[in-house]
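Asks: What follows is query.csv, CSV, C-alpha atoms and all ligand atoms.
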```csv
chain,number,residue,atom,x,y,z
A,1,MET,CA,84.2,-29.4,17.2
A,2,SER,CA,81.1,-31.2,16.2
A,3,VAL,CA,81.0,-34.9,15.5
A,4,LEU,CA,79.5,-35.8,12.1
A,5,LEU,CA,80.0,-39.5,12.2
A,6,GLU,CA,80.3,-41.8,15.1
A,7,THR,CA,80.7,-45.6,15.1
A,8,ARG,CA,80.3,-47.6,18.3
A,9,GLY,CA,81.7,-51.1,18.8
A,10,LEU,CA,81.3,-52.2,15.1
A,11,HIS,CA,81.8,-55.9,14.7
A,12,LYS,CA,81.5,-58.0,11.5
A,13,ARG,CA,82.3,-61.6,10.8
A,14,PHE,CA,82.4,-63.4,7.5
A,15,GLY,CA,82.6,-67.1,8.4
A,16,ALA,CA,86.0,-67.6,10.0
A,17,VAL,CA,87.2,-64.1,9.2
A,18,VAL,CA,86.5,-61.3,11.6
A,19,ALA,CA,86.7,-58.2,9.4
A,20,ALA,CA,85.7,-55.6,12.1
A,21,LYS,CA,86.4,-55.9,15.8
A,22,ASP,CA,85.0,-53.3,18.1
A,23,ILE,CA,85.5,-50.3,15.8
A,24,SER,CA,84.6,-47.1,17.7
A,25,VAL,CA,85.6,-43.8,16.0
A,26,ALA,CA,84.3,-40.3,15.8
A,27,ILE,CA,84.8,-38.1,12.7
A,28,GLU,CA,84.6,-34.4,13.2
A,29,ARG,CA,83.0,-32.1,10.7
A,30,ASP,CA,85.5,-30.6,8.2
A,31,SER,CA,88.2,-33.1,8.9
A,32,VAL,CA,90.1,-35.0,6.1
A,33,VAL,CA,90.7,-38.5,7.5
A,34,GLY,CA,93.0,-41.0,5.8
A,35,LEU,CA,92.2,-44.7,6.4
A,36,ILE,CA,95.2,-47.0,6.0
A,37,GLY,CA,95.8,-50.7,6.4
A,38,THR,CA,97.1,-53.7,4.5
A,39,ASN,CA,95.0,-55.7,2.1
A,40,GLY,CA,92.2,-57.4,4.1
A,41,ALA,CA,92.5,-55.1,7.1
A,42,GLY,CA,88.8,-54.3,7.0
A,43,LYS,CA,88.9,-50.8,5.4
A,44,THR,CA,86.2,-51.5,2.8
A,45,THR,CA,84.1,-53.4,5.3
A,46,PHE,CA,84.2,-50.3,7.5
A,47,VAL,CA,83.1,-48.1,4.6
A,48,ASN,CA,80.4,-50.6,3.7
A,49,MET,CA,79.0,-50.6,7.3
A,50,VAL,CA,79.0,-46.8,7.5
A,51,THR,CA,77.1,-46.5,4.3
A,52,GLY,CA,74.5,-49.3,4.9
A,53,TYR,CA,75.9,-51.7,2.3
A,54,LEU,CA,76.7,-54.2,5.1
A,55,LYS,CA,75.0,-54.5,8.4
A,56,PRO,CA,77.3,-54.9,11.4
A,57,ASP,CA,76.7,-58.0,13.6
A,58,GLN,CA,77.1,-55.7,16.6
A,59,GLY,CA,77.5,-52.0,17.1
A,60,SER,CA,76.0,-48.8,15.7
A,61,VAL,CA,76.6,-46.0,13.2
A,62,ARG,CA,75.4,-42.5,14.0
A,63,PHE,CA,75.4,-39.7,11.4
A,64,LYS,CA,74.7,-36.2,12.8
A,65,GLY,CA,73.5,-37.8,16.0
A,66,ARG,CA,71.0,-40.1,14.3
A,67,ASP,CA,71.3,-43.9,14.4
A,68,VAL,CA,71.5,-44.9,10.8
A,69,THR,CA,72.5,-48.5,11.4
A,70,PRO,CA,69.2,-50.0,10.2
A,71,LEU,CA,68.8,-47.8,7.2
A,72,HIS,CA,69.1,-48.8,3.5
A,73,PRO,CA,72.1,-47.4,1.6
A,74,ARG,CA,69.8,-45.1,-0.4
A,75,GLN,CA,68.3,-43.6,2.7
A,76,ILE,CA,71.8,-43.0,4.1
A,77,THR,CA,72.8,-41.3,0.8
A,78,ARG,CA,69.8,-39.0,1.1
A,79,LEU,CA,70.8,-38.0,4.6
A,80,GLY,CA,74.1,-36.7,3.2
A,81,VAL,CA,76.6,-39.5,3.0
A,82,GLY,CA,78.3,-40.1,-0.4
A,83,ARG,CA,80.7,-42.8,-1.3
A,84,SER,CA,82.8,-44.0,-4.1
A,85,PHE,CA,83.9,-47.6,-4.7
A,86,GLN,CA,87.3,-49.1,-5.3
A,87,ILE,CA,86.2,-49.7,-8.9
A,88,PRO,CA,84.5,-46.7,-10.5
A,89,GLN,CA,80.8,-47.2,-11.0
A,90,LEU,CA,80.1,-45.6,-14.4
A,91,TYR,CA,77.8,-46.2,-17.3
A,92,ASP,CA,80.4,-47.1,-19.8
A,93,SER,CA,78.3,-46.6,-22.9
A,94,LEU,CA,77.2,-43.1,-21.8
A,95,SER,CA,79.3,-40.0,-22.3
A,96,ALA,CA,81.0,-38.3,-19.3
A,97,TYR,CA,78.3,-35.6,-19.5
A,98,ASP,CA,75.4,-38.1,-19.5
A,99,ASN,CA,76.9,-39.9,-16.5
A,100,VAL,CA,76.8,-36.7,-14.5
A,101,VAL,CA,73.3,-36.0,-15.8
A,102,VAL,CA,72.2,-39.4,-14.4
A,103,ALA,CA,73.8,-38.7,-11.1
A,104,LEU,CA,72.2,-35.3,-10.8
A,105,GLY,CA,68.9,-36.7,-12.0
A,106,ILE,CA,68.9,-38.8,-8.8
A,107,ALA,CA,69.3,-35.6,-6.7
A,108,LEU,CA,66.4,-34.1,-8.6
A,109,ARG,CA,64.2,-37.1,-8.1
A,110,ASN,CA,65.0,-37.1,-4.4
A,111,ALA,CA,63.8,-33.5,-4.2
A,112,ARG,CA,60.2,-32.4,-4.2
A,113,PRO,CA,57.8,-34.3,-6.5
A,114,ARG,CA,57.3,-33.0,-10.1
A,115,TRP,CA,53.7,-32.0,-9.5
A,116,LEU,CA,54.8,-29.5,-6.8
A,117,ALA,CA,57.4,-27.8,-9.0
A,118,ARG,CA,56.7,-24.5,-10.7
A,119,GLY,CA,58.7,-23.4,-13.7
A,120,PRO,CA,62.0,-25.0,-14.7
A,121,ARG,CA,63.1,-27.8,-12.3
A,122,LEU,CA,66.3,-26.8,-10.5
A,123,VAL,CA,68.8,-29.2,-9.1
A,124,PRO,CA,68.9,-28.8,-5.3
A,125,GLY,CA,72.2,-27.2,-4.1
A,126,TYR,CA,72.8,-25.7,-7.5
A,127,GLY,CA,69.8,-23.6,-8.3
A,128,LEU,CA,70.4,-24.6,-11.9
A,129,PRO,CA,68.6,-26.7,-14.5
A,130,LEU,CA,70.0,-30.2,-14.8
A,131,GLU,CA,72.0,-29.6,-18.0
A,132,GLU,CA,73.7,-26.5,-16.6
A,133,ALA,CA,74.5,-28.1,-13.3
A,134,ALA,CA,76.1,-31.1,-15.1
A,135,GLU,CA,78.3,-28.7,-17.1
A,136,GLN,CA,79.4,-27.0,-13.9
A,137,VAL,CA,80.3,-30.3,-12.3
A,138,LEU,CA,82.5,-31.3,-15.3
A,139,GLU,CA,84.1,-27.9,-15.3
A,140,ARG,CA,84.9,-28.1,-11.6
A,141,PHE,CA,86.7,-31.4,-12.0
A,142,GLY,CA,88.6,-30.4,-15.1
A,143,LEU,CA,86.6,-32.9,-17.1
A,144,ALA,CA,85.0,-30.6,-19.7
A,145,GLU,CA,87.4,-31.8,-22.4
A,146,PHE,CA,86.1,-35.4,-21.9
A,147,ARG,CA,82.5,-34.3,-22.0
A,148,ASP,CA,81.3,-36.2,-25.1
A,149,ARG,CA,83.6,-39.3,-24.8
A,150,PRO,CA,82.0,-42.6,-23.6
A,151,ALA,CA,83.0,-43.3,-20.0
A,152,GLY,CA,84.2,-46.8,-21.1
A,153,VAL,CA,87.1,-45.4,-23.2
A,154,LEU,CA,88.4,-42.8,-20.7
A,155,PRO,CA,91.8,-43.4,-19.1
A,156,GLY,CA,91.8,-44.9,-15.6
A,157,GLY,CA,92.6,-41.6,-13.8
A,158,VAL,CA,89.8,-39.7,-15.6
A,159,ARG,CA,87.3,-42.5,-14.8
A,160,LYS,CA,88.2,-42.2,-11.1
A,161,LEU,CA,87.7,-38.5,-11.2
A,162,LEU,CA,84.4,-38.8,-13.0
A,163,ASP,CA,83.1,-41.3,-10.5
A,164,ILE,CA,84.1,-39.0,-7.6
A,165,ALA,CA,82.6,-36.0,-9.4
A,166,MET,CA,79.3,-37.9,-9.7
A,167,THR,CA,79.4,-38.7,-5.9
A,168,LEU,CA,80.3,-35.1,-4.9
A,169,ALA,CA,77.7,-33.8,-7.4
A,170,LEU,CA,75.0,-34.9,-4.9
A,171,LYS,CA,76.6,-32.5,-2.3
A,172,PRO,CA,77.2,-35.0,0.5
A,173,GLU,CA,78.1,-33.7,3.9
A,174,LEU,CA,80.3,-36.7,4.4
A,175,LEU,CA,82.3,-38.2,1.5
A,176,LEU,CA,83.8,-41.7,1.8
A,177,LEU,CA,86.4,-42.5,-0.9
A,178,ASP,CA,87.6,-46.1,-1.2
A,179,GLU,CA,91.0,-45.9,-2.8
A,180,PRO,CA,90.5,-42.8,-5.0
A,181,THR,CA,94.0,-43.2,-6.6
A,182,SER,CA,94.1,-47.0,-7.0
A,183,GLY,CA,95.0,-48.1,-10.5
A,184,VAL,CA,96.3,-44.7,-11.3
A,185,SER,CA,100.0,-44.1,-12.2
A,186,SER,CA,102.1,-42.6,-9.4
A,187,GLU,CA,102.7,-39.5,-11.5
A,188,GLU,CA,99.0,-38.9,-11.9
A,189,LYS,CA,98.1,-39.6,-8.2
A,190,PHE,CA,98.8,-36.1,-6.8
A,191,ALA,CA,97.1,-34.4,-9.7
A,192,ILE,CA,94.0,-36.4,-9.1
A,193,MET,CA,94.0,-35.8,-5.3
A,194,ASP,CA,94.6,-32.1,-5.9
A,195,ARG,CA,91.5,-32.0,-8.1
A,196,ILE,CA,89.4,-34.0,-5.6
A,197,MET,CA,90.5,-32.0,-2.6
A,198,ARG,CA,89.9,-28.6,-4.3
A,199,ALA,CA,86.4,-29.7,-5.2
A,200,VAL,CA,85.8,-31.1,-1.7
A,201,ARG,CA,87.0,-27.8,-0.1
A,202,GLY,CA,84.6,-25.9,-2.4
A,203,SER,CA,81.7,-28.1,-1.4
A,204,GLY,CA,82.4,-28.1,2.4
A,205,ALA,CA,82.3,-31.9,2.6
A,206,THR,CA,84.0,-33.8,5.4
A,207,VAL,CA,86.2,-36.6,3.9
A,208,LEU,CA,87.4,-40.0,4.8
A,209,PHE,CA,89.6,-41.7,2.1
A,210,VAL,CA,91.1,-45.1,2.0
A,211,GLU,CA,94.7,-45.0,0.7
A,212,HIS,CA,97.7,-47.3,0.4
A,213,ASP,CA,100.2,-44.5,-0.7
A,214,MET,CA,101.6,-43.0,2.5
A,215,ASP,CA,102.9,-39.9,0.6
A,216,ILE,CA,99.3,-39.2,-0.4
A,217,VAL,CA,98.1,-39.8,3.1
A,218,SER,CA,100.7,-37.4,4.6
A,219,ARG,CA,100.0,-34.7,2.1
A,220,TYR,CA,96.2,-34.6,2.3
A,221,ALA,CA,95.0,-36.1,5.6
A,222,SER,CA,94.5,-34.0,8.7
A,223,ARG,CA,94.1,-37.3,10.7
A,224,VAL,CA,95.0,-40.9,10.0
A,225,LEU,CA,93.3,-44.1,11.2
A,226,ALA,CA,95.3,-47.3,10.9
A,227,PHE,CA,93.5,-50.6,10.7
A,228,TYR,CA,95.1,-54.0,11.2
A,229,ASP,CA,93.1,-57.3,11.3
A,230,GLY,CA,89.8,-55.6,11.7
A,231,ARG,CA,91.0,-53.3,14.5
A,232,VAL,CA,92.0,-49.7,14.9
A,233,ILE,CA,95.7,-49.8,15.9
A,234,ALA,CA,96.5,-46.1,15.7
A,235,ASP,CA,94.6,-42.8,15.3
A,236,GLY,CA,96.1,-39.3,15.2
A,237,ALA,CA,98.0,-36.8,13.2
A,238,PRO,CA,99.6,-38.3,10.1
A,239,ALA,CA,103.3,-37.8,11.3
A,240,GLU,CA,102.4,-39.4,14.6
A,241,VAL,CA,100.6,-42.4,13.2
A,242,LEU,CA,103.2,-43.1,10.5
A,243,ALA,CA,105.9,-43.0,13.2
A,244,ASP,CA,104.0,-45.5,15.4
A,245,PRO,CA,105.9,-48.8,15.8
A,246,ASP,CA,102.8,-50.9,15.3
A,247,VAL,CA,101.9,-49.1,12.1
A,248,GLN,CA,105.4,-49.4,10.8
A,249,LEU,CA,105.4,-53.1,11.5
A,250,TYR,CA,101.9,-54.1,10.4
A,251,VAL,CA,100.9,-51.4,7.8
A,252,THR,CA,103.7,-49.6,6.1
A,253,GLY,CA,106.4,-52.4,6.4
A,254,THR,CA,109.1,-49.8,7.4
A,255,ARG,CA,109.9,-51.9,10.5
A,256,THR,CA,110.4,-55.6,10.1
A,257,THR,CA,110.6,-56.9,13.7
A,258,ALA,CA,108.3,-56.6,16.6
A,259,GLU,CA,111.1,-55.1,18.6
A,260,GLY,CA,109.9,-51.7,19.9
A,261,ALA,CA,106.4,-52.2,18.5
A,262,GLY,CA,103.8,-51.3,21.1
A,263,HIS,CA,106.2,-48.8,22.7
A,264,ALA,CA,105.6,-45.5,21.1
A,265,ASP,CA,108.3,-43.9,23.1
A,266,ASP,CA,111.1,-46.2,21.8
B,301,LIG,N1,81.4,-60.2,1.5
B,301,LIG,C1,82.5,-60.9,2.1
B,301,LIG,N2,82.4,-62.2,2.3
B,301,LIG,C2,83.4,-62.9,2.9
B,301,LIG,N3,84.5,-62.3,3.3
B,301,LIG,C3,84.7,-61.0,3.1
B,301,LIG,C4,83.6,-60.2,2.5
B,301,LIG,N4,84.0,-58.9,2.5
B,301,LIG,C5,85.2,-58.9,3.1
B,301,LIG,N5,85.6,-60.1,3.4
B,301,LIG,C6,86.9,-60.4,4.2
B,301,LIG,O1,87.0,-59.5,5.2
B,301,LIG,C7,88.4,-59.1,5.4
B,301,LIG,C8,88.4,-57.6,5.2
B,301,LIG,O2,88.1,-57.2,3.9
B,301,LIG,P1,88.1,-55.7,3.3
B,301,LIG,O3,87.6,-55.8,1.9
B,301,LIG,O4,87.3,-54.9,4.3
B,301,LIG,O5,89.6,-55.3,3.4
B,301,LIG,P2,90.3,-54.0,2.9
B,301,LIG,O6,91.1,-53.4,4.1
B,301,LIG,O7,89.4,-53.1,2.2
B,301,LIG,O8,91.4,-54.6,1.9
B,301,LIG,P3,92.0,-54.0,0.5
B,301,LIG,O9,93.1,-53.1,0.8
B,301,LIG,O10,92.5,-55.3,-0.2
B,301,LIG,O11,90.9,-53.4,-0.3
B,301,LIG,C9,89.2,-59.9,4.3
B,301,LIG,O12,89.7,-61.0,4.9
B,301,LIG,C10,88.1,-60.2,3.3
B,301,LIG,O13,88.5,-61.4,2.6
B,302,MG,MG,89.2,-52.4,0.3
```
Would you put the structure from the file into structure tokens?
Ligand SMILES: Nc1ncnc2c1ncn2[C@@H]1O[C@H](COP(=O)(O)OP(=O)(O)OP(=O)(O)O)[C@@H](O)[C@H]1O
Ligand SMILES: [Mg+2]
Replies:
Amino acid sequence: MSVLLETRGLHKRFGAVVAAKDISVAIERDSVVGLIGTNGAGKTTFVNMVTGYLKPDQGSVRFKGRDVTPLHPRQITRLGVGRSFQIPQLYDSLSAYDNVVVALGIALRNARPRWLARGPRLVPGYGLPLEEAAEQVLERFGLAEFRDRPAGVLPGGVRKLLDIAMTLALKPELLLLDEPTSGVSSEEKFAIMDRIMRAVRGSGATVLFVEHDMDIVSRYASRVLAFYDGRVIADGAPAEVLADPDVQLYVTGTRTTAEGAGHADD
């Protein structure tokens, strides 16, 4: 198994709050990792450090064996790390189609310069002109029916999907999703995750997703990381982590006393 992402001893302090304490994890290629933890546990801080939006006070981030800690988020994106935010980052006045065109335009701009290109310019990873690649992305995410609607008027779940479609459109090798189903009704959650995971499998990306809904975590993750107070408190198969006494006490709330916590064999 090859390690795609490795963090070593990540530490991050915001004033009196320590949001990351010695976080060392390795993510294997082709895994689907669920990241769980209560509000303020440090999940977004971790995603921000991996993607260059925040610099750790100590520790390092390695992607495909390369130290990316000092790099700018844009450079990390170019190396093959895509991310979505807790709140979709869309151009609300543009149509769904135009949002995807903008995202793919970035991929095109990152490719060889215009003066080197011969004939029609093809989007890297698609072998298609921009317009056709955008239609393909909408189709794959079941978004074709929303093609011409401004992103600002789309329902919450569709906005989430469009945002993730735009991230995955750049064909990242590692995709980090910060709460892909937040703000979405519980009936819609599974449908959205099904769409995302189907598209992810088609693209071959490795995924880490932050999630509060344990049913979603159990269904889609092959491995679960549990954070509490800036630390990793459990790491393993979903059933194992969700049965962990510390996780039940500090994350899922299915255990209300410390009795038994810290003793996995209880
Ligand atoms: N830029 C910042 N400045 C100051 N404090 C911050 C900053 N970012 C995060 N924090 C603090 O760090 C801690 C971890 O925050 P983080 O956003 O990583 O949590 P989270 O696990 O993503 O929570 P949630 O589930 O609510 O999204 C919190 O106490 C938060 O208030
Ligand atoms: Mg968060």
Asks: Between A:Lys21, A:Arg83, A:Lys171, A:Arg78, which has the minimum distance to ligand LIG 301 (chain B) (counting all atoms listed in the file)?
Replies: A:Lys21
Asks: Let me have all residues with an atom within 12 Å of ligand LIG 301 (chain B), counting only C-alpha atoms and all ligand atoms, laid out as a PyMOL selection string.
Replies: chain A and resi 11-21+35-49+53-56+85-87+177-180+182+209-213+225-232+251
Asks: Could you please determine the separation between CA of Gln58 in chain A and CA of Val241 in chain A in Å, to one decimal place?
Replies: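 So the answer is 27.2 Å.
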Asks: Mind checking which residues fall within 12 Å of Leu79 in chain A, counting only C-alpha atoms, ignoring those fewer than 6 positions away in the same chain, and posting them as a list in words?
Replies: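 Neighbouring residues, sequence-local ones excluded: Leu4, Thr51, Gly52, Arg62, Phe63, Lys64, Gly65, Arg66, Asp67, Val68, Leu71, His72, Pro73, Ala107, Asn110, Leu170, Lys171, Pro172, Glu173, Leu174 and Leu175 of chain A.
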Asks: Need the shell around range 127-135 of chain A: protein/DNA/RNA residues with any atom at most 12 Å away, counting only C-alpha atoms. Skip same-chain ones fewer than 3 positions apart. Format as an MDAnalysis selection string?
Replies: chainID A and resid 95:109 119:124 138:148 162 165:166 168:170
Asks: One number please: CA of Ala243 in chain A to CA of Arg255 in chain A, in Å, one decimal.
Replies: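 Rounded to one decimal, the two atoms are 10.1 Å apart.
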Asks: Rank nothing, just name the residue among A:Leu249, A:Leu161, A:Ile233, A:Ala199 nearest to Gln89 in chain A, using only C-alpha atoms.
Replies: A:Leu161
Asks: Here is a test: counting all atoms listed in the file, which residue of A:Gly202, A:Gly253, A:Ser186, A:Ser84 is nearest to ligand MG 302 (chain B)?
Replies: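 Checking each of A:Gly202, A:Gly253, A:Ser186, A:Ser84 against ligand MG 302 (chain B), counting all atoms listed in the file, the winner is A:Ser84.
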Asks: Can you measure CA of Thr256 in chain A to CA of Ala234 in chain A for me? One decimal in Å is fine.
Replies: 17.7 Å
Asks: Give the answer as one residue: which of A:Leu90, A:Ile23, A:Leu10, A:Ala239 has the shortest atom-to-atom distance to Gly59 in chain A, using only C-alpha atoms?
Replies: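 Under the stated criterion, the closest residue is A:Leu10.
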